[in-house]
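What follows is a single structure, written as structure tokens, with notes after it.
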Amino acid sequence: SLIPAAWARAMVHIPELEIDVHEIAPGEAIEQLYGRNLQMAVLSAHSVASDRVSFKRVEVMSDGYALAVPRSLDLAGVREVESDLDGADRRLLNRVIQFNFGNTHTQRMEAWFRRVLPRHEVVAQVRTYEVALAMVEAGLGVALVPLLSTQLGGRLLFDVGLYQAPGLKRPIVAMVPPQYLRVQPCATFLDALCEAGAAIQLPPVAAAPPFLHAEAEAPDLVDA
């Protein structure tokens, strides 16, 4: 969602601009920055320990999280999972498809599921949100996903139900070595990236069912 929009904006100023996109884990992206193999890394601020990174951190945008569930699973009004859902729906809700890059973000999500669904079972671990959403669409389980991963250009990419996960935010930042901040074309692309982040329209999601609202009161998960 961000990179194509930013590239299109940057090409207004630099028509011949070429980019080389690497889709890698956040930790590897930081290593590539230190190795001078990348000029910029776009990632969740929670995926790396900011106090251990010496690069300039530029805020791009922030999105929230949604609990993605199969269309057949209706969570509206559910206060108690054990008593308000029948056996089949309860088993489906407790089947968790987990996005896992092995960093602090994964630990936060594991803590969230332990509190919301203490009887859940991780049935699959994936490395992209698109794979997680495809599995949810197939009726194999549920997943906690950022809103930005569910859409492209304002249209939903997967036929799933989305419920707001209150209290969870994902700040997206660009990590840039200070020497590139005023060097072209990096400076123009960085400006375009921030403009693209400000212009993105996040998809509408259903209100969080009551059993998720109780979780939002946990202070250590706010902005997780």
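Residue names in the structure tokens use chain letters A, B, ... in the order shown, residue numbers from 1 in each chain, and ligand numbers from 1 in the order shown.
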Handout entry: Spatial neighbours of Ala134 of chain A, 10 Å, only C-alpha atoms, chain gap at least 3 places, as number ranges by chain
Key = A: 70, 129-131, 137-140, 157-160
For the residues in that selection, give me N, CA, C and O atoms as a PDB file, in the first residue's frame.
```
ATOM      1  N   PRO A  70     -13.128 -16.141   9.937  1.00  0.00           N
ATOM      2  CA  PRO A  70     -13.916 -16.595   8.789  1.00  0.00           C
ATOM      3  C   PRO A  70     -15.299 -15.943   8.789  1.00  0.00           C
ATOM      4  O   PRO A  70     -15.850 -15.631   9.851  1.00  0.00           O
ATOM      5  N   TYR A 129       1.356 -11.478   6.355  1.00  0.00           N
ATOM      6  CA  TYR A 129      -0.049 -11.337   6.741  1.00  0.00           C
ATOM      7  C   TYR A 129      -0.977 -11.827   5.635  1.00  0.00           C
ATOM      8  O   TYR A 129      -2.086 -12.274   5.910  1.00  0.00           O
ATOM      9  N   GLU A 130      -0.525 -11.751   4.393  1.00  0.00           N
ATOM     10  CA  GLU A 130      -1.357 -12.222   3.286  1.00  0.00           C
ATOM     11  C   GLU A 130      -1.632 -13.715   3.400  1.00  0.00           C
ATOM     12  O   GLU A 130      -2.761 -14.173   3.149  1.00  0.00           O
ATOM     13  N   VAL A 131      -0.626 -14.481   3.771  1.00  0.00           N
ATOM     14  CA  VAL A 131      -0.830 -15.918   3.960  1.00  0.00           C
ATOM     15  C   VAL A 131      -1.774 -16.168   5.131  1.00  0.00           C
ATOM     16  O   VAL A 131      -2.658 -17.028   5.070  1.00  0.00           O
ATOM     17  N   GLU A 137      -9.550 -16.906   5.446  1.00  0.00           N
ATOM     18  CA  GLU A 137     -10.606 -16.970   4.438  1.00  0.00           C
ATOM     19  C   GLU A 137     -11.016 -18.417   4.154  1.00  0.00           C
ATOM     20  O   GLU A 137     -12.193 -18.704   3.891  1.00  0.00           O
ATOM     21  N   ALA A 138     -10.059 -19.338   4.221  1.00  0.00           N
ATOM     22  CA  ALA A 138     -10.345 -20.743   3.977  1.00  0.00           C
ATOM     23  C   ALA A 138     -11.022 -21.419   5.161  1.00  0.00           C
ATOM     24  O   ALA A 138     -11.336 -22.621   5.110  1.00  0.00           O
ATOM     25  N   GLY A 139     -11.254 -20.664   6.261  1.00  0.00           N
ATOM     26  CA  GLY A 139     -11.965 -21.222   7.410  1.00  0.00           C
ATOM     27  C   GLY A 139     -11.102 -22.050   8.337  1.00  0.00           C
ATOM     28  O   GLY A 139     -11.616 -22.868   9.095  1.00  0.00           O
ATOM     29  N   LEU A 140      -9.762 -21.805   8.316  1.00  0.00           N
ATOM     30  CA  LEU A 140      -8.846 -22.640   9.085  1.00  0.00           C
ATOM     31  C   LEU A 140      -8.543 -22.102  10.473  1.00  0.00           C
ATOM     32  O   LEU A 140      -7.930 -22.794  11.287  1.00  0.00           O
ATOM     33  N   LEU A 157      -8.831  -7.217   0.405  1.00  0.00           N
ATOM     34  CA  LEU A 157      -8.148  -8.243  -0.387  1.00  0.00           C
ATOM     35  C   LEU A 157      -8.662  -9.649  -0.106  1.00  0.00           C
ATOM     36  O   LEU A 157      -8.469 -10.540  -0.928  1.00  0.00           O
ATOM     37  N   PHE A 158      -9.287  -9.845   1.051  1.00  0.00           N
ATOM     38  CA  PHE A 158      -9.718 -11.185   1.433  1.00  0.00           C
ATOM     39  C   PHE A 158     -11.147 -11.126   1.975  1.00  0.00           C
ATOM     40  O   PHE A 158     -11.551 -10.151   2.605  1.00  0.00           O
ATOM     41  N   ASP A 159     -11.888 -12.196   1.739  1.00  0.00           N
ATOM     42  CA  ASP A 159     -13.275 -12.278   2.191  1.00  0.00           C
ATOM     43  C   ASP A 159     -13.296 -12.832   3.615  1.00  0.00           C
ATOM     44  O   ASP A 159     -13.516 -14.031   3.842  1.00  0.00           O
ATOM     45  N   VAL A 160     -13.031 -11.961   4.582  1.00  0.00           N
ATOM     46  CA  VAL A 160     -12.992 -12.349   5.986  1.00  0.00           C
ATOM     47  C   VAL A 160     -13.780 -11.325   6.800  1.00  0.00           C
ATOM     48  O   VAL A 160     -14.055 -10.213   6.346  1.00  0.00           O
TER      49      VAL A 160
END
```
Handout entry: Non-local contacts of Ala143 of chain A (9 Å; only C-alpha atoms; under 2 positions in same chain excluded) as an NGL selection string
Key = :A and (66-69 or 95-99 or 129 or 132-133 or 135-136 or 141 or 145)
Exercise for the section: Step one, run DSSP on the backbone; step two, keep only residues of segment 86-184 of chain A assigned to strand (DSSP E or B); then write them as an NGL selection string. Expected result: :A and (95-99 or 121-126 or 142-146 or 151-152 or 155-156 or 161-176)
Could you give me, as CSV, every segment 10-46 of chain A residue with an atom at most 12 Å from segment 184-202 of chain A, plus its closest atom pair and distance in Å to one decimal, counting only C-alpha atoms, rows ordered by chain then number?
```
residue,atom,partner,partner_atom,distance
A:Ala10,CA,A:Phe189,CA,5.4
A:Met11,CA,A:Phe189,CA,8.7
A:Val12,CA,A:Ala192,CA,9.8
A:His13,CA,A:Thr188,CA,7.7
A:Ile14,CA,A:Pro185,CA,7.7
A:Pro15,CA,A:Pro185,CA,10.9
A:Glu16,CA,A:Pro185,CA,10.3
A:Leu17,CA,A:Pro185,CA,7.6
A:Glu18,CA,A:Pro185,CA,9.4
A:Ile19,CA,A:Phe189,CA,9.7
A:Leu38,CA,A:Cys186,CA,10.8
A:Gln39,CA,A:Cys186,CA,7.4
A:Met40,CA,A:Cys186,CA,8.0
A:Ala41,CA,A:Leu190,CA,10.5
A:Val42,CA,A:Leu193,CA,9.4
```
Would you list, as a CSV table (one decimal) with N, CA, C and O atoms, in the first residue's frame, the residues of segment 25-169 of chain A that end up in alpha helix (DSSP H) under DSSP run on this structure's backbone?
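Dumped to part31.csv:
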```
chain,number,residue,atom,x,y,z
A,26,PRO,N,12.4,-7.5,9.8
A,26,PRO,CA,12.9,-6.2,10.3
A,26,PRO,C,14.4,-6.3,10.8
A,26,PRO,O,15.1,-5.4,10.6
A,27,GLY,N,14.7,-7.4,11.6
A,27,GLY,CA,16.1,-7.5,12.1
A,27,GLY,C,17.1,-7.5,10.9
A,27,GLY,O,18.2,-6.9,11.0
A,28,GLU,N,16.7,-8.2,9.9
A,28,GLU,CA,17.6,-8.3,8.7
A,28,GLU,C,17.7,-6.9,8.0
A,28,GLU,O,18.8,-6.6,7.5
A,29,ALA,N,16.6,-6.2,8.0
A,29,ALA,CA,16.6,-4.9,7.4
A,29,ALA,C,17.6,-4.0,8.1
A,29,ALA,O,18.3,-3.2,7.5
A,30,ILE,N,17.6,-4.0,9.4
A,30,ILE,CA,18.5,-3.2,10.2
A,30,ILE,C,19.9,-3.6,9.9
A,30,ILE,O,20.8,-2.7,9.8
A,31,GLU,N,20.2,-4.9,9.8
A,31,GLU,CA,21.6,-5.3,9.5
A,31,GLU,C,22.0,-4.8,8.1
A,31,GLU,O,23.1,-4.4,7.9
A,32,GLN,N,21.0,-4.8,7.2
A,32,GLN,CA,21.4,-4.4,5.8
A,32,GLN,C,21.6,-2.9,5.8
A,32,GLN,O,22.5,-2.4,5.1
A,33,LEU,N,20.9,-2.1,6.7
A,33,LEU,CA,21.2,-0.7,6.8
A,33,LEU,C,22.7,-0.5,7.4
A,33,LEU,O,23.4,0.4,6.8
A,34,TYR,N,23.0,-1.2,8.4
A,34,TYR,CA,24.4,-1.1,8.9
A,34,TYR,C,25.4,-1.5,7.9
A,34,TYR,O,26.5,-0.9,7.9
A,81,VAL,N,-16.7,-16.1,25.7
A,81,VAL,CA,-16.5,-17.0,24.6
A,81,VAL,C,-17.0,-18.4,25.0
A,81,VAL,O,-17.7,-19.1,24.2
A,82,GLU,N,-16.8,-18.8,26.2
A,82,GLU,CA,-17.2,-20.2,26.6
A,82,GLU,C,-18.7,-20.4,26.6
A,82,GLU,O,-19.2,-21.5,26.3
A,83,SER,N,-19.5,-19.4,27.0
A,83,SER,CA,-20.9,-19.5,27.1
A,83,SER,C,-21.7,-19.0,25.9
A,83,SER,O,-22.8,-19.4,25.7
A,84,ASP,N,-21.2,-18.0,25.2
A,84,ASP,CA,-21.9,-17.4,24.1
A,84,ASP,C,-21.7,-18.0,22.8
A,84,ASP,O,-22.4,-17.6,21.8
A,87,GLY,N,-20.0,-25.1,20.4
A,87,GLY,CA,-18.8,-25.8,20.4
A,87,GLY,C,-17.9,-25.6,19.1
A,87,GLY,O,-16.7,-25.4,19.2
A,88,ALA,N,-18.6,-25.6,17.9
A,88,ALA,CA,-17.8,-25.5,16.7
A,88,ALA,C,-17.2,-24.1,16.5
A,88,ALA,O,-16.0,-24.0,16.2
A,89,ASP,N,-18.0,-23.1,16.8
A,89,ASP,CA,-17.5,-21.7,16.7
A,89,ASP,C,-16.4,-21.5,17.8
A,89,ASP,O,-15.4,-20.8,17.5
A,90,ARG,N,-16.6,-22.0,18.9
A,90,ARG,CA,-15.6,-21.8,20.0
A,90,ARG,C,-14.2,-22.5,19.6
A,90,ARG,O,-13.2,-21.9,19.8
A,91,ARG,N,-14.3,-23.7,19.0
A,91,ARG,CA,-13.1,-24.3,18.6
A,91,ARG,C,-12.4,-23.5,17.4
A,91,ARG,O,-11.2,-23.4,17.4
A,92,LEU,N,-13.2,-23.0,16.5
A,92,LEU,CA,-12.7,-22.2,15.4
A,92,LEU,C,-12.0,-21.0,15.9
A,92,LEU,O,-10.9,-20.6,15.5
A,93,LEU,N,-12.6,-20.3,16.9
A,93,LEU,CA,-12.1,-19.0,17.4
A,93,LEU,C,-10.7,-19.3,18.1
A,93,LEU,O,-9.9,-18.4,18.1
A,104,THR,N,10.2,-8.9,19.1
A,104,THR,CA,9.4,-8.5,20.3
A,104,THR,C,7.9,-8.4,19.9
A,104,THR,O,7.0,-8.5,20.7
A,105,HIS,N,7.6,-8.1,18.6
A,105,HIS,CA,6.3,-8.0,18.2
A,105,HIS,C,5.5,-9.3,18.4
A,105,HIS,O,4.4,-9.4,18.8
A,106,THR,N,6.2,-10.4,18.1
A,106,THR,CA,5.6,-11.7,18.2
A,106,THR,C,5.2,-12.0,19.7
A,106,THR,O,4.2,-12.5,20.0
A,107,GLN,N,6.1,-11.6,20.6
A,107,GLN,CA,5.9,-11.7,22.0
A,107,GLN,C,4.6,-10.9,22.5
A,107,GLN,O,3.8,-11.4,23.3
A,108,ARG,N,4.5,-9.7,21.9
A,108,ARG,CA,3.3,-8.9,22.3
A,108,ARG,C,2.0,-9.6,21.8
A,108,ARG,O,1.0,-9.6,22.5
A,109,MET,N,2.0,-10.1,20.6
A,109,MET,CA,0.8,-10.8,20.1
A,109,MET,C,0.5,-12.1,20.9
A,109,MET,O,-0.7,-12.4,21.1
A,110,GLU,N,1.5,-12.8,21.2
A,110,GLU,CA,1.3,-14.0,22.0
A,110,GLU,C,0.7,-13.7,23.4
A,110,GLU,O,-0.3,-14.3,23.8
A,111,ALA,N,1.1,-12.6,24.0
A,111,ALA,CA,0.6,-12.1,25.3
A,111,ALA,C,-0.9,-11.7,25.1
A,111,ALA,O,-1.7,-12.0,26.0
A,112,TRP,N,-1.2,-11.1,24.0
A,112,TRP,CA,-2.6,-10.6,23.7
A,112,TRP,C,-3.5,-11.9,23.6
A,112,TRP,O,-4.6,-11.9,24.2
A,113,PHE,N,-3.1,-12.9,22.9
A,113,PHE,CA,-4.0,-14.1,22.7
A,113,PHE,C,-4.1,-14.8,24.0
A,113,PHE,O,-5.1,-15.4,24.3
A,114,ARG,N,-3.0,-14.8,24.8
A,114,ARG,CA,-3.1,-15.6,26.1
A,114,ARG,C,-4.2,-14.9,27.0
A,114,ARG,O,-4.9,-15.6,27.7
A,115,ARG,N,-4.4,-13.6,26.9
A,115,ARG,CA,-5.3,-12.9,27.7
A,115,ARG,C,-6.7,-13.0,27.1
A,115,ARG,O,-7.7,-13.2,27.9
A,116,VAL,N,-6.8,-12.8,25.8
A,116,VAL,CA,-8.2,-12.8,25.2
A,116,VAL,C,-8.7,-14.2,25.0
A,116,VAL,O,-9.9,-14.5,25.3
A,129,TYR,N,1.4,-11.5,6.4
A,129,TYR,CA,0.0,-11.3,6.7
A,129,TYR,C,-1.0,-11.8,5.6
A,129,TYR,O,-2.1,-12.3,5.9
A,130,GLU,N,-0.5,-11.8,4.4
A,130,GLU,CA,-1.4,-12.2,3.3
A,130,GLU,C,-1.6,-13.7,3.4
A,130,GLU,O,-2.8,-14.2,3.1
A,131,VAL,N,-0.6,-14.5,3.8
A,131,VAL,CA,-0.8,-15.9,4.0
A,131,VAL,C,-1.8,-16.2,5.1
A,131,VAL,O,-2.7,-17.0,5.1
A,132,ALA,N,-1.6,-15.4,6.2
A,132,ALA,CA,-2.5,-15.6,7.4
A,132,ALA,C,-3.9,-15.3,7.0
A,132,ALA,O,-4.9,-16.1,7.3
A,133,LEU,N,-4.2,-14.2,6.2
A,133,LEU,CA,-5.5,-13.9,5.8
A,133,LEU,C,-6.1,-14.9,4.8
A,133,LEU,O,-7.3,-15.2,4.9
A,134,ALA,N,-5.3,-15.5,4.0
A,134,ALA,CA,-5.8,-16.5,3.1
A,134,ALA,C,-6.2,-17.7,3.8
A,134,ALA,O,-7.2,-18.4,3.5
A,135,MET,N,-5.5,-18.1,4.9
A,135,MET,CA,-5.9,-19.2,5.7
A,135,MET,C,-7.2,-18.9,6.5
A,135,MET,O,-8.0,-19.8,6.6
A,136,VAL,N,-7.3,-17.7,7.0
A,136,VAL,CA,-8.6,-17.3,7.6
A,136,VAL,C,-9.7,-17.4,6.7
A,136,VAL,O,-10.8,-18.0,7.0
A,137,GLU,N,-9.6,-16.9,5.4
A,137,GLU,CA,-10.6,-17.0,4.4
A,137,GLU,C,-11.0,-18.4,4.2
A,137,GLU,O,-12.2,-18.7,3.9
```
Practice task
Show which residues sit within 10 Å of Pro178 of chain A, as a PyMOL selection string. Count only C-alpha atoms, and ignore same-chain residues fewer than 3 positions away.
Solution key: chain A and resi 39+54-57+175+181-183
Practice task
Go through A:Ile24, A:Ala206, A:Val126, A:Val173 one by one, measure the shortest atom-to-atom distance of each to Glu59 of chain A using only C-alpha atoms, and give the residue with the smallest value.
Solution key: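 That would be A:Val173, the residue with the smallest distance to Glu59 of chain A.
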Completion exercise
The residue from A:Leu147, A:Gln125, A:Arg36, A:Ala207 with the smallest atom-to-atom distance to Gln179 of chain A, counting only C-alpha atoms, is A:Arg36
Fill in the blank from the handout: The residue from A:Pro118, A:Pro209, A:Pro177, A:Pro204 with the smallest atom-to-atom distance to Gly154 of chain A, counting only C-alpha atoms, is A:Pro204
Handout entry: Contact residues around Ile172 of chain A with only C-alpha atoms at 10 Å, ignoring same-chain residues under 4 positions, as a count of residues only
Key = 14
